[in-house]
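Engineer: Next up is a structure, given as structure tokens.
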Amino acid sequence: MSDPRPTDVPYREREQSVTIERLGGPDAPVYGTALEPETELFTINMGPHHPATHGVLRLLLTLEGEVVRSVTPLIGYVHTGIEKSCEDQAYWKVIPFVERMDYLAYYYNALVFCMAVEQLVEEEVPPRAQYLRVIHLELNRIASHLFWLGTSALDLGAISILWYALRDREKILDIFEMSSGQRLHPRYFQVGGVVEDIPPGFEQKVRAFIPDMEARIDQYEAILDRNEILLQRLKHVGQVPLETLLDLGVSGPLLRAAGHPWDLRKAMPYSSYDHFDFKIPIGTQGDNYDRYRVRMAEMRESLRIVEQALDGLPEGRYITDNRKIALPPRHELATSMEALIHHFKLVTEGFRVPPGEVYAAIESPRGELGCFVLADGSAKPARVHMRDPSFVNLQALRYMAEGRLIADLIASIAMLDPILGGIDR
Amino acid sequence: MEVTRRPVEGGDDLRIRQLRARQMLRGELEGEDLDRYMEERVGLTTLEKAQNWARANAPWPLTFGLACCAIEMISVVGSPRMDAARFGAEVFRASPRQADMIILSGRVSVKMAPVIRRIYDQMLEPKWVISMGACASSAGMFNNYALVAGADKFLPVDVYVPGCPPRPEALMYGIIKLQNKIKGQPDLGWRERYHAQGTEELA
Amino acid sequence: MPDATGLELIAAAVRERLGDETVVGTDYHREQAMLEVAPGSVHDTIAYLKEEADEPFELLMSLHGCDYFPAEPRLGVHYQLLAMQRTDRLGVKTRVGVEEPRVPTIVDLYSGADFQEREVFDMFGVVFDGHPDLRRILMPEDYEGHPQRRDFPMGGEPVLFTFNEHEIPRWYE
């Protein structure tokens, strides 16, 4: 998609100036005074600071009346250079950096990096750790979808859903705080497992949460599913043909809403997802309403997965006992010299990874989240690249929004669920 | 249990208070009665203090979420558990002309800094800045080419709230500190406890 | 993932179709298959793998760049292809030097490569021939330098300690 702004003007000056062009030359009639007011193409900036773009997304809209003729996303306003910073840290320390990319699905970022490094180091994750990872991942999926629901409903006008969704999200964050101490970005997943076992009381709390959340999802669906305003705004809006979506590399709920049953948890299972019995919700028409329904159904399926994982949680280690990768438990430090040396080496330098490059991918709430790690044999990675789903999905925005009204653009952005931290990294 | 009755000090009973209030309204209280009435019932203050009290108790934040700290900021205003409406800060205005306070929540990148400055310039006086989180206060953990190391490089910041991300309770504490600062009684914290002299910042 | 023999078969098929000098090498380790091709034939290789191969890989999942400093040629561009029906992944990579970093674009094959190629250009300086709008995407458009190259400095501010206090001029202001 090309930039509609004039390119002969230098960049800084272009950002500060305002140009008004009229189709038909400078003598053309001004809007409002002519018989056909829509002869003016109006380029407007839906700036990085906007209440309805989910984060600092800047859109250059070319409008004809209220109809969007072209939309160009401009990104980079929260570019943090995370990937470059990761090259300077030991593998263990990269995990908090990488967690902050897609800041609603933080466990997913940590998991995909840990999976990539575990592939490089050829390390097995014990089954208890895999189940614990699945529990946290699915709870994070529900939390991410709840936040999406709250902010999307806010954009569409159903403001009270925001309060309800955040109230339920608080319960999930309490559960995360029980296991790791932090609500957001907990650094809970480590290479080889999880950093700590779950405390007593965790299981009761999650089991109490599950039926509660089911009832809440029923309530949300009762409010929103057959709401006339929502149906008018979302039905038959934002449809993109399936071939275009596949051409763009879009994945996740957008692809599933268009009818394509692709989910990495089922297709290429990782972290013992093949032990659980769950369904993949698929839409039929690929419009915004289907995307909404797909995400609501995904929340229900995630609850089922959490329940099954809790029922089948095996006993055992929560992190691998390869002392070269994982820290030894603290009580061993007092008795074993080797444990002390391992601890020292891991904390000061970190573990070394043999040279190689690997690409690992998982299914995050937004689509396929991939991580490319290039290791050069030292204790620091030479390149960490996260293939963020929102970055690729954002290219679908112009197909969703062009030729439709601005209000449909807002609804499309909401249903696209972009997270600018992941887009800009 | 023994019930003791004591007359209330200096207090009239309700009937007398009503009569006195009616007299005040009609302008019939004079002299010593008037002085006593003023002391008991009416507070005197300067216009500035009243103004500051009003401004402090209703800081309207600008919707300025940048990154992960924005999620915690929305939790402060949205989640019923930590409700910022108690402090008057629930009305998040989207237009900078209508907002008092900008909560910079998230990482300030090189591309975004001129935008933030422009929006800050568009806000009307009086305005305050809360720099929320480690990335907005210093560079946070991202000490690299892409971030401006702290919003105070181009904005005057009033309150820094550390954390990555700070808990919503921490942000509320930051808002309360800002409120105290606006009212003119800044929490000097350790400076009070240790009687430190000469280390106050100019508010 | 195709296993080692599958990868060799794919490499042989590409060599047969497009000429011997296209495939520079194959790499199979840790169950990841990577096909290294010469920079000029990236477009043809991926077009072949997308449409004409016996077992086509019809989706582009990721396009990213990499700097192999100090090993020459330095800049690498990686393509991750996916075959949904067979749940198979294949990596294609190409390496170019810093002096002549030109790679043909695959935007005509996959329109999702648009943003991703712009990001590789922005961060590494690899110029994609034939890309309709090759501008910087994450950094400001008039930024100089390509940040994710290994010899680009990390940037940022020196952290203030007591031992380097006097090196940081006037930090107290």
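Going by the structure tokens order, chains are called A, B, ..., each with residues numbered from 1, while ligands are numbered from 1 in the order shown.
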Determine, counting only C-alpha atoms, which protein, DNA and RNA residues have an atom within 8 Å of an atom of A:Val392; residues of the same chain fewer than 4 positions away are not included. Present the result as a ChimeraX atom specification.
Structural biologist: /A:248-250,388,396 /C:112,115-116
Engineer: Using the selection just defined, write its residues with C-alpha atoms as a PDB file, in the first residue's frame.
Structural biologist:
```pdb
ATOM      1  CA  LEU A 248      -1.209 -12.423   3.698  1.00  0.00           C
ATOM      2  CA  GLY A 249      -0.188 -15.083   6.172  1.00  0.00           C
ATOM      3  CA  VAL A 250      -2.969 -14.232   8.593  1.00  0.00           C
ATOM      4  CA  ASP A 388       4.283 -11.484  15.887  1.00  0.00           C
ATOM      5  CA  ALA A 396      -5.459  -7.329   6.444  1.00  0.00           C
TER       6      ALA A 396
ATOM      7  CA  GLY C 112       1.869 -10.513   3.410  1.00  0.00           C
ATOM      8  CA  PHE C 115       5.431  -5.216   5.964  1.00  0.00           C
ATOM      9  CA  GLN C 116       7.943  -7.911   6.760  1.00  0.00           C
TER      10      GLN C 116
END
```
Engineer: Could you list, as a list in words, the residues of chain A having an atom within 7 Å of chain C when counting only C-alpha atoms?
Structural biologist: Ser2, Tyr11, Ile75, Gly76, His79, Lys84, Gln119, Leu120, Leu246, Asp247, Leu248, Gly249, Ala267, Met268, Val358, Arg383, Arg387, Val392, Gln395 and Asp424 of chain A
Engineer: Rounded to one decimal in Å, what is the spacing between atom CA of C:Asp151 and atom CA of C:Arg74?
Structural biologist: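 Between atom CA of C:Asp151 and atom CA of C:Arg74 the gap works out to 11.0 Å.
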Engineer: Counting only C-alpha atoms, a student should be able to say which residues of chain B come within 8 Å of chain A; what is the right answer, written as a ChimeraX atom specification?
Structural biologist: /B:63-68,75,78-81,94,107-112,115,141-147,165,167
Engineer: With N, CA and C atoms retained, could you export that selection as an mmCIF file, in the first residue's frame?
Structural biologist:
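Written file, out.cif:
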```cif
data_model
loop_
_atom_site.group_PDB
_atom_site.id
_atom_site.type_symbol
_atom_site.label_atom_id
_atom_site.label_comp_id
_atom_site.auth_asym_id
_atom_site.auth_seq_id
_atom_site.Cartn_x
_atom_site.Cartn_y
_atom_site.Cartn_z
ATOM 1 N N THR B 63 -6.366 10.017 27.952
ATOM 2 C CA THR B 63 -6.156 8.610 27.601
ATOM 3 C C THR B 63 -4.834 8.518 26.880
ATOM 4 N N PHE B 64 -3.805 8.070 27.563
ATOM 5 C CA PHE B 64 -2.513 7.996 26.901
ATOM 6 C C PHE B 64 -1.828 6.698 27.219
ATOM 7 N N GLY B 65 -2.395 5.609 26.824
ATOM 8 C CA GLY B 65 -1.733 4.348 27.059
ATOM 9 C C GLY B 65 -0.785 4.044 25.932
ATOM 10 N N LEU B 66 0.430 3.731 26.262
ATOM 11 C CA LEU B 66 1.395 3.417 25.222
ATOM 12 C C LEU B 66 1.627 1.921 25.134
ATOM 13 N N ALA B 67 1.909 1.281 26.249
ATOM 14 C CA ALA B 67 2.292 -0.139 26.214
ATOM 15 C C ALA B 67 1.730 -0.817 27.449
ATOM 16 N N CYS B 68 2.443 -1.801 27.960
ATOM 17 C CA CYS B 68 1.907 -2.650 29.029
ATOM 18 C C CYS B 68 1.374 -1.892 30.242
ATOM 19 N N SER B 75 -6.882 -0.939 34.227
ATOM 20 C CA SER B 75 -7.389 -1.681 35.371
ATOM 21 C C SER B 75 -7.700 -0.746 36.521
ATOM 22 N N GLY B 78 -10.931 0.842 35.344
ATOM 23 C CA GLY B 78 -12.016 -0.007 34.886
ATOM 24 C C GLY B 78 -12.392 -1.090 35.855
ATOM 25 N N SER B 79 -11.408 -1.604 36.556
ATOM 26 C CA SER B 79 -11.750 -2.742 37.385
ATOM 27 C C SER B 79 -12.435 -2.268 38.643
ATOM 28 N N PRO B 80 -13.490 -2.929 39.046
ATOM 29 C CA PRO B 80 -14.234 -2.449 40.211
ATOM 30 C C PRO B 80 -13.454 -2.575 41.502
ATOM 31 N N ARG B 81 -12.367 -3.342 41.480
ATOM 32 C CA ARG B 81 -11.644 -3.492 42.729
ATOM 33 C C ARG B 81 -10.831 -2.250 43.050
ATOM 34 N N ALA B 94 -10.412 12.014 25.929
ATOM 35 C CA ALA B 94 -9.562 11.697 24.786
ATOM 36 C C ALA B 94 -8.941 12.937 24.190
ATOM 37 N N ARG B 107 6.374 2.724 27.205
ATOM 38 C CA ARG B 107 7.679 3.083 26.717
ATOM 39 C C ARG B 107 7.579 4.225 25.716
ATOM 40 N N VAL B 108 8.432 5.202 25.913
ATOM 41 C CA VAL B 108 8.438 6.391 25.070
ATOM 42 C C VAL B 108 9.486 6.183 23.987
ATOM 43 N N SER B 109 9.056 5.885 22.792
ATOM 44 C CA SER B 109 10.044 5.613 21.756
ATOM 45 C C SER B 109 10.426 6.901 21.061
ATOM 46 N N VAL B 110 11.478 6.814 20.284
ATOM 47 C CA VAL B 110 12.026 7.992 19.620
ATOM 48 C C VAL B 110 11.014 8.592 18.655
ATOM 49 N N LYS B 111 10.215 7.729 18.036
ATOM 50 C CA LYS B 111 9.234 8.239 17.068
ATOM 51 C C LYS B 111 8.057 8.887 17.764
ATOM 52 N N MET B 112 7.779 8.460 18.977
ATOM 53 C CA MET B 112 6.577 8.933 19.663
ATOM 54 C C MET B 112 6.834 10.196 20.451
ATOM 55 N N VAL B 115 5.342 13.454 19.306
ATOM 56 C CA VAL B 115 3.875 13.416 19.387
ATOM 57 C C VAL B 115 3.419 13.720 20.802
ATOM 58 N N MET B 141 13.983 -1.217 31.419
ATOM 59 C CA MET B 141 14.962 -2.246 31.144
ATOM 60 C C MET B 141 15.470 -2.142 29.719
ATOM 61 N N PHE B 142 14.944 -1.231 28.922
ATOM 62 C CA PHE B 142 15.286 -1.146 27.510
ATOM 63 C C PHE B 142 16.221 0.009 27.277
ATOM 64 N N ASN B 143 17.464 -0.169 27.678
ATOM 65 C CA ASN B 143 18.415 0.926 27.566
ATOM 66 C C ASN B 143 19.073 0.832 26.205
ATOM 67 N N ASN B 144 18.344 1.263 25.155
ATOM 68 C CA ASN B 144 18.899 1.075 23.827
ATOM 69 C C ASN B 144 18.527 2.233 22.924
ATOM 70 N N TYR B 145 18.794 2.058 21.648
ATOM 71 C CA TYR B 145 18.706 3.158 20.693
ATOM 72 C C TYR B 145 17.289 3.653 20.473
ATOM 73 N N ALA B 146 16.315 2.830 20.797
ATOM 74 C CA ALA B 146 14.960 3.119 20.334
ATOM 75 C C ALA B 146 14.136 3.906 21.321
ATOM 76 N N LEU B 147 14.590 4.050 22.541
ATOM 77 C CA LEU B 147 13.766 4.727 23.530
ATOM 78 C C LEU B 147 14.408 6.024 23.980
ATOM 79 N N PRO B 165 5.014 -3.870 35.290
ATOM 80 C CA PRO B 165 4.289 -2.616 35.444
ATOM 81 C C PRO B 165 3.918 -2.359 36.897
ATOM 82 N N ARG B 167 1.691 -1.953 40.057
ATOM 83 C CA ARG B 167 0.367 -2.447 40.375
ATOM 84 C C ARG B 167 -0.618 -1.290 40.312
#
```
Engineer: Write out as a list in words which residues come within 12 Å of A:Ile223 when counting only C-alpha atoms, dropping same-chain ones fewer than 5 positions away.
Structural biologist: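 The contact residues come out as Ala153, Ala158, Ile159, Ser160, Ile161, Tyr164, Arg216, Ile217, Asp218, Glu228, Ile229, Leu230 and Leu231 of chain A.
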Engineer: Okay, now the selection with C-alpha atoms, as a compact mmCIF listing (two decimals), in the first residue's frame?
Structural biologist:
```txt
# COMPACT_ATOMS: atom_id res chain seq x y z
CA ALA A 153 -17.35 -3.40 23.32
CA ALA A 158 -21.43 -1.19 24.98
CA ILE A 159 -19.42 0.48 27.70
CA SER A 160 -20.59 -1.60 30.64
CA ILE A 161 -18.97 -4.72 29.20
CA TYR A 164 -17.52 -6.61 33.65
CA ARG A 216 -20.05 -15.00 33.21
CA ILE A 217 -19.47 -15.91 29.56
CA ASP A 218 -23.12 -16.93 29.42
CA GLU A 228 -29.53 -5.42 17.57
CA ILE A 229 -26.91 -2.69 17.59
CA LEU A 230 -24.08 -5.18 17.64
CA LEU A 231 -25.64 -7.19 14.86
```
Engineer: I need the strand (DSSP E) residues of chain C per DSSP on the backbone, written as a ChimeraX atom specification.
Structural biologist: /C:23-29,32-37,59-67,75-83,88-96,102-104,127-129
Engineer: Now that the selection is made, can you save its residues with N, CA and C atoms as a short mmCIF file (atom, residue, chain, number, x, y, z; two decimals), in the first residue's frame?
Structural biologist:
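What follows is the written file again_3.cif:
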```cif
data_model
loop_
_atom_site.label_atom_id
_atom_site.label_comp_id
_atom_site.auth_asym_id
_atom_site.auth_seq_id
_atom_site.Cartn_x
_atom_site.Cartn_y
_atom_site.Cartn_z
N VAL C 23 20.76 -23.66 -5.33
CA VAL C 23 20.82 -24.17 -3.97
C VAL C 23 22.26 -24.18 -3.50
N VAL C 24 22.51 -23.43 -2.47
CA VAL C 24 23.88 -23.35 -1.96
C VAL C 24 24.13 -24.44 -0.93
N GLY C 25 23.10 -24.79 -0.20
CA GLY C 25 23.32 -25.82 0.81
C GLY C 25 22.03 -26.23 1.45
N THR C 26 22.09 -27.32 2.17
CA THR C 26 20.95 -27.72 2.98
C THR C 26 21.43 -27.92 4.40
N ASP C 27 20.51 -27.74 5.30
CA ASP C 27 20.90 -27.82 6.70
C ASP C 27 19.76 -28.49 7.44
N TYR C 28 20.01 -29.60 8.08
CA TYR C 28 18.94 -30.25 8.82
C TYR C 28 19.48 -30.56 10.21
N HIS C 29 19.03 -29.85 11.18
CA HIS C 29 19.41 -30.21 12.54
C HIS C 29 18.29 -29.82 13.47
N GLN C 32 14.77 -29.29 12.14
CA GLN C 32 14.38 -28.10 11.37
C GLN C 32 15.11 -28.20 10.03
N ALA C 33 14.35 -28.05 8.97
CA ALA C 33 14.93 -28.16 7.65
C ALA C 33 15.14 -26.77 7.08
N MET C 34 16.34 -26.51 6.62
CA MET C 34 16.65 -25.20 6.09
C MET C 34 17.35 -25.37 4.77
N LEU C 35 16.85 -24.65 3.77
CA LEU C 35 17.40 -24.74 2.43
C LEU C 35 18.06 -23.41 2.14
N GLU C 36 19.33 -23.44 1.82
CA GLU C 36 19.99 -22.17 1.56
C GLU C 36 20.12 -21.96 0.06
N VAL C 37 19.69 -20.81 -0.40
CA VAL C 37 19.71 -20.54 -1.83
C VAL C 37 20.52 -19.30 -2.11
N LEU C 59 2.22 -21.44 2.02
CA LEU C 59 2.04 -20.25 2.83
C LEU C 59 3.36 -19.72 3.33
N LEU C 60 3.45 -18.41 3.39
CA LEU C 60 4.63 -17.79 3.98
C LEU C 60 4.25 -17.40 5.40
N MET C 61 4.94 -17.98 6.36
CA MET C 61 4.59 -17.65 7.73
C MET C 61 5.44 -16.53 8.27
N SER C 62 6.70 -16.49 7.89
CA SER C 62 7.53 -15.44 8.46
C SER C 62 8.65 -15.10 7.51
N LEU C 63 9.02 -13.86 7.51
CA LEU C 63 10.13 -13.38 6.69
C LEU C 63 10.95 -12.53 7.64
N HIS C 64 12.14 -12.95 7.95
CA HIS C 64 12.90 -12.13 8.89
C HIS C 64 14.36 -12.12 8.49
N GLY C 65 15.06 -11.24 9.09
CA GLY C 65 16.46 -11.03 8.75
C GLY C 65 17.35 -11.36 9.92
N CYS C 66 18.62 -11.40 9.63
CA CYS C 66 19.56 -11.90 10.61
C CYS C 66 20.94 -11.37 10.22
N ASP C 67 21.78 -11.14 11.20
CA ASP C 67 23.12 -10.67 10.87
C ASP C 67 24.11 -11.68 11.40
N LEU C 75 24.58 -10.61 5.98
CA LEU C 75 23.15 -10.46 6.23
C LEU C 75 22.40 -11.66 5.69
N GLY C 76 21.53 -12.19 6.49
CA GLY C 76 20.73 -13.32 6.04
C GLY C 76 19.27 -12.95 6.04
N VAL C 77 18.54 -13.46 5.07
CA VAL C 77 17.10 -13.27 5.04
C VAL C 77 16.49 -14.66 5.08
N HIS C 78 15.58 -14.86 6.02
CA HIS C 78 14.98 -16.18 6.21
C HIS C 78 13.53 -16.16 5.84
N TYR C 79 13.08 -17.21 5.17
CA TYR C 79 11.68 -17.35 4.84
C TYR C 79 11.18 -18.63 5.48
N GLN C 80 10.08 -18.55 6.19
CA GLN C 80 9.52 -19.75 6.78
C GLN C 80 8.26 -20.10 6.02
N LEU C 81 8.27 -21.26 5.38
CA LEU C 81 7.12 -21.66 4.58
C LEU C 81 6.37 -22.75 5.32
N LEU C 82 5.08 -22.81 5.05
CA LEU C 82 4.23 -23.75 5.75
C LEU C 82 3.33 -24.44 4.76
N ALA C 83 3.18 -25.73 4.91
CA ALA C 83 2.21 -26.48 4.12
C ALA C 83 1.13 -26.92 5.07
N ASP C 88 3.61 -29.13 7.52
CA ASP C 88 5.03 -29.24 7.28
C ASP C 88 5.62 -27.85 7.20
N ARG C 89 6.80 -27.68 7.76
CA ARG C 89 7.46 -26.38 7.65
C ARG C 89 8.78 -26.54 6.93
N LEU C 90 9.15 -25.52 6.21
CA LEU C 90 10.45 -25.52 5.54
C LEU C 90 11.02 -24.13 5.64
N GLY C 91 12.28 -24.06 5.94
CA GLY C 91 12.92 -22.76 5.97
C GLY C 91 13.79 -22.57 4.75
N VAL C 92 13.73 -21.38 4.20
CA VAL C 92 14.58 -21.04 3.05
C VAL C 92 15.39 -19.84 3.48
N LYS C 93 16.68 -19.90 3.29
CA LYS C 93 17.44 -18.73 3.68
C LYS C 93 18.41 -18.35 2.59
N THR C 94 18.79 -17.10 2.63
CA THR C 94 19.73 -16.59 1.66
C THR C 94 20.64 -15.61 2.37
N ARG C 95 21.85 -15.52 1.94
CA ARG C 95 22.78 -14.64 2.62
C ARG C 95 23.39 -13.67 1.63
N VAL C 96 23.43 -12.42 2.01
CA VAL C 96 24.00 -11.37 1.15
C VAL C 96 25.01 -10.60 1.97
N ARG C 102 21.14 -6.90 -2.07
CA ARG C 102 19.92 -6.86 -2.87
C ARG C 102 19.35 -8.26 -2.98
N VAL C 103 18.07 -8.33 -2.74
CA VAL C 103 17.37 -9.61 -2.81
C VAL C 103 16.07 -9.34 -3.56
N PRO C 104 15.68 -10.21 -4.48
CA PRO C 104 14.39 -9.95 -5.15
C PRO C 104 13.24 -10.11 -4.18
N VAL C 127 17.99 -4.44 0.60
CA VAL C 127 17.10 -3.79 -0.35
C VAL C 127 16.39 -4.86 -1.15
N PHE C 128 15.10 -4.80 -1.21
CA PHE C 128 14.31 -5.79 -1.94
C PHE C 128 13.94 -5.21 -3.29
N ASP C 129 14.48 -5.78 -4.34
CA ASP C 129 14.22 -5.25 -5.68
C ASP C 129 12.81 -5.54 -6.09
#
```
Engineer: For atom CA of A:Ser364 and atom CA of A:Leu173, determine how far apart the two atoms are, in Å to one decimal place.
Structural biologist: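 Computing the Euclidean distance for atom CA of A:Ser364 and atom CA of A:Leu173 yields 18.0 Å.
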Engineer: How many Å lie between atom CA of A:Asp263 and atom CA of A:Lys279, rounded to one decimal?
Structural biologist: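 Atom CA of A:Lys279 lies at a distance of 10.1 Å from atom CA of A:Asp263.
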Engineer: Near stretch 96-102 of chain B, counting only C-alpha atoms, which residues have an atom at most 6 Å away, once you skip same-chain residues fewer than 6 positions from it, shown as a list in words?
Structural biologist: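 Here the qualifying residues turn out to be Pro59, Trp60, Pro61, Leu62, Met123, Leu124, Lys127, Trp128 and Val129 of chain B.
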Engineer: Might you pull out every residue within 7 Å of B:Cys69, with only C-alpha atoms counted and same-chain residues fewer than 4 positions away left off, and present them as a PDB file with C-alpha atoms, in the first residue's frame?
Structural biologist:
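part-v2.pdb, written as the output of this step:
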```pdb
ATOM      1  CA  MET B  73      -3.894   1.976  34.046  1.00  0.00           C
ATOM      2  CA  SER B 105       2.051   4.748  30.758  1.00  0.00           C
ATOM      3  CA  GLY B 106       4.514   2.841  28.705  1.00  0.00           C
ATOM      4  CA  GLY B 133       6.281   2.653  35.077  1.00  0.00           C
ATOM      5  CA  PRO B 165       4.289  -2.616  35.444  1.00  0.00           C
TER       6      PRO B 165
END
```
Engineer: Using only C-alpha atoms, which of the listed residues (B:Ala139, B:Val157, B:Leu29, B:Ile182) sits closest to chain C?
Structural biologist: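 Nearest to chain C: B:Ala139.
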Engineer: Find, counting only C-alpha atoms, the residue in B:Val148, B:Leu25, B:Leu178, B:Leu19 that gets nearest to chain C.
Structural biologist: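 The shortest atom-to-atom distance to chain C comes from B:Val148.
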Engineer: Near C:Thr45, within 8 Å and counting only C-alpha atoms, which residues show up once chain neighbours fewer than 5 positions away are dropped, as a ChimeraX atom specification?
Structural biologist: /C:14,18,22,37
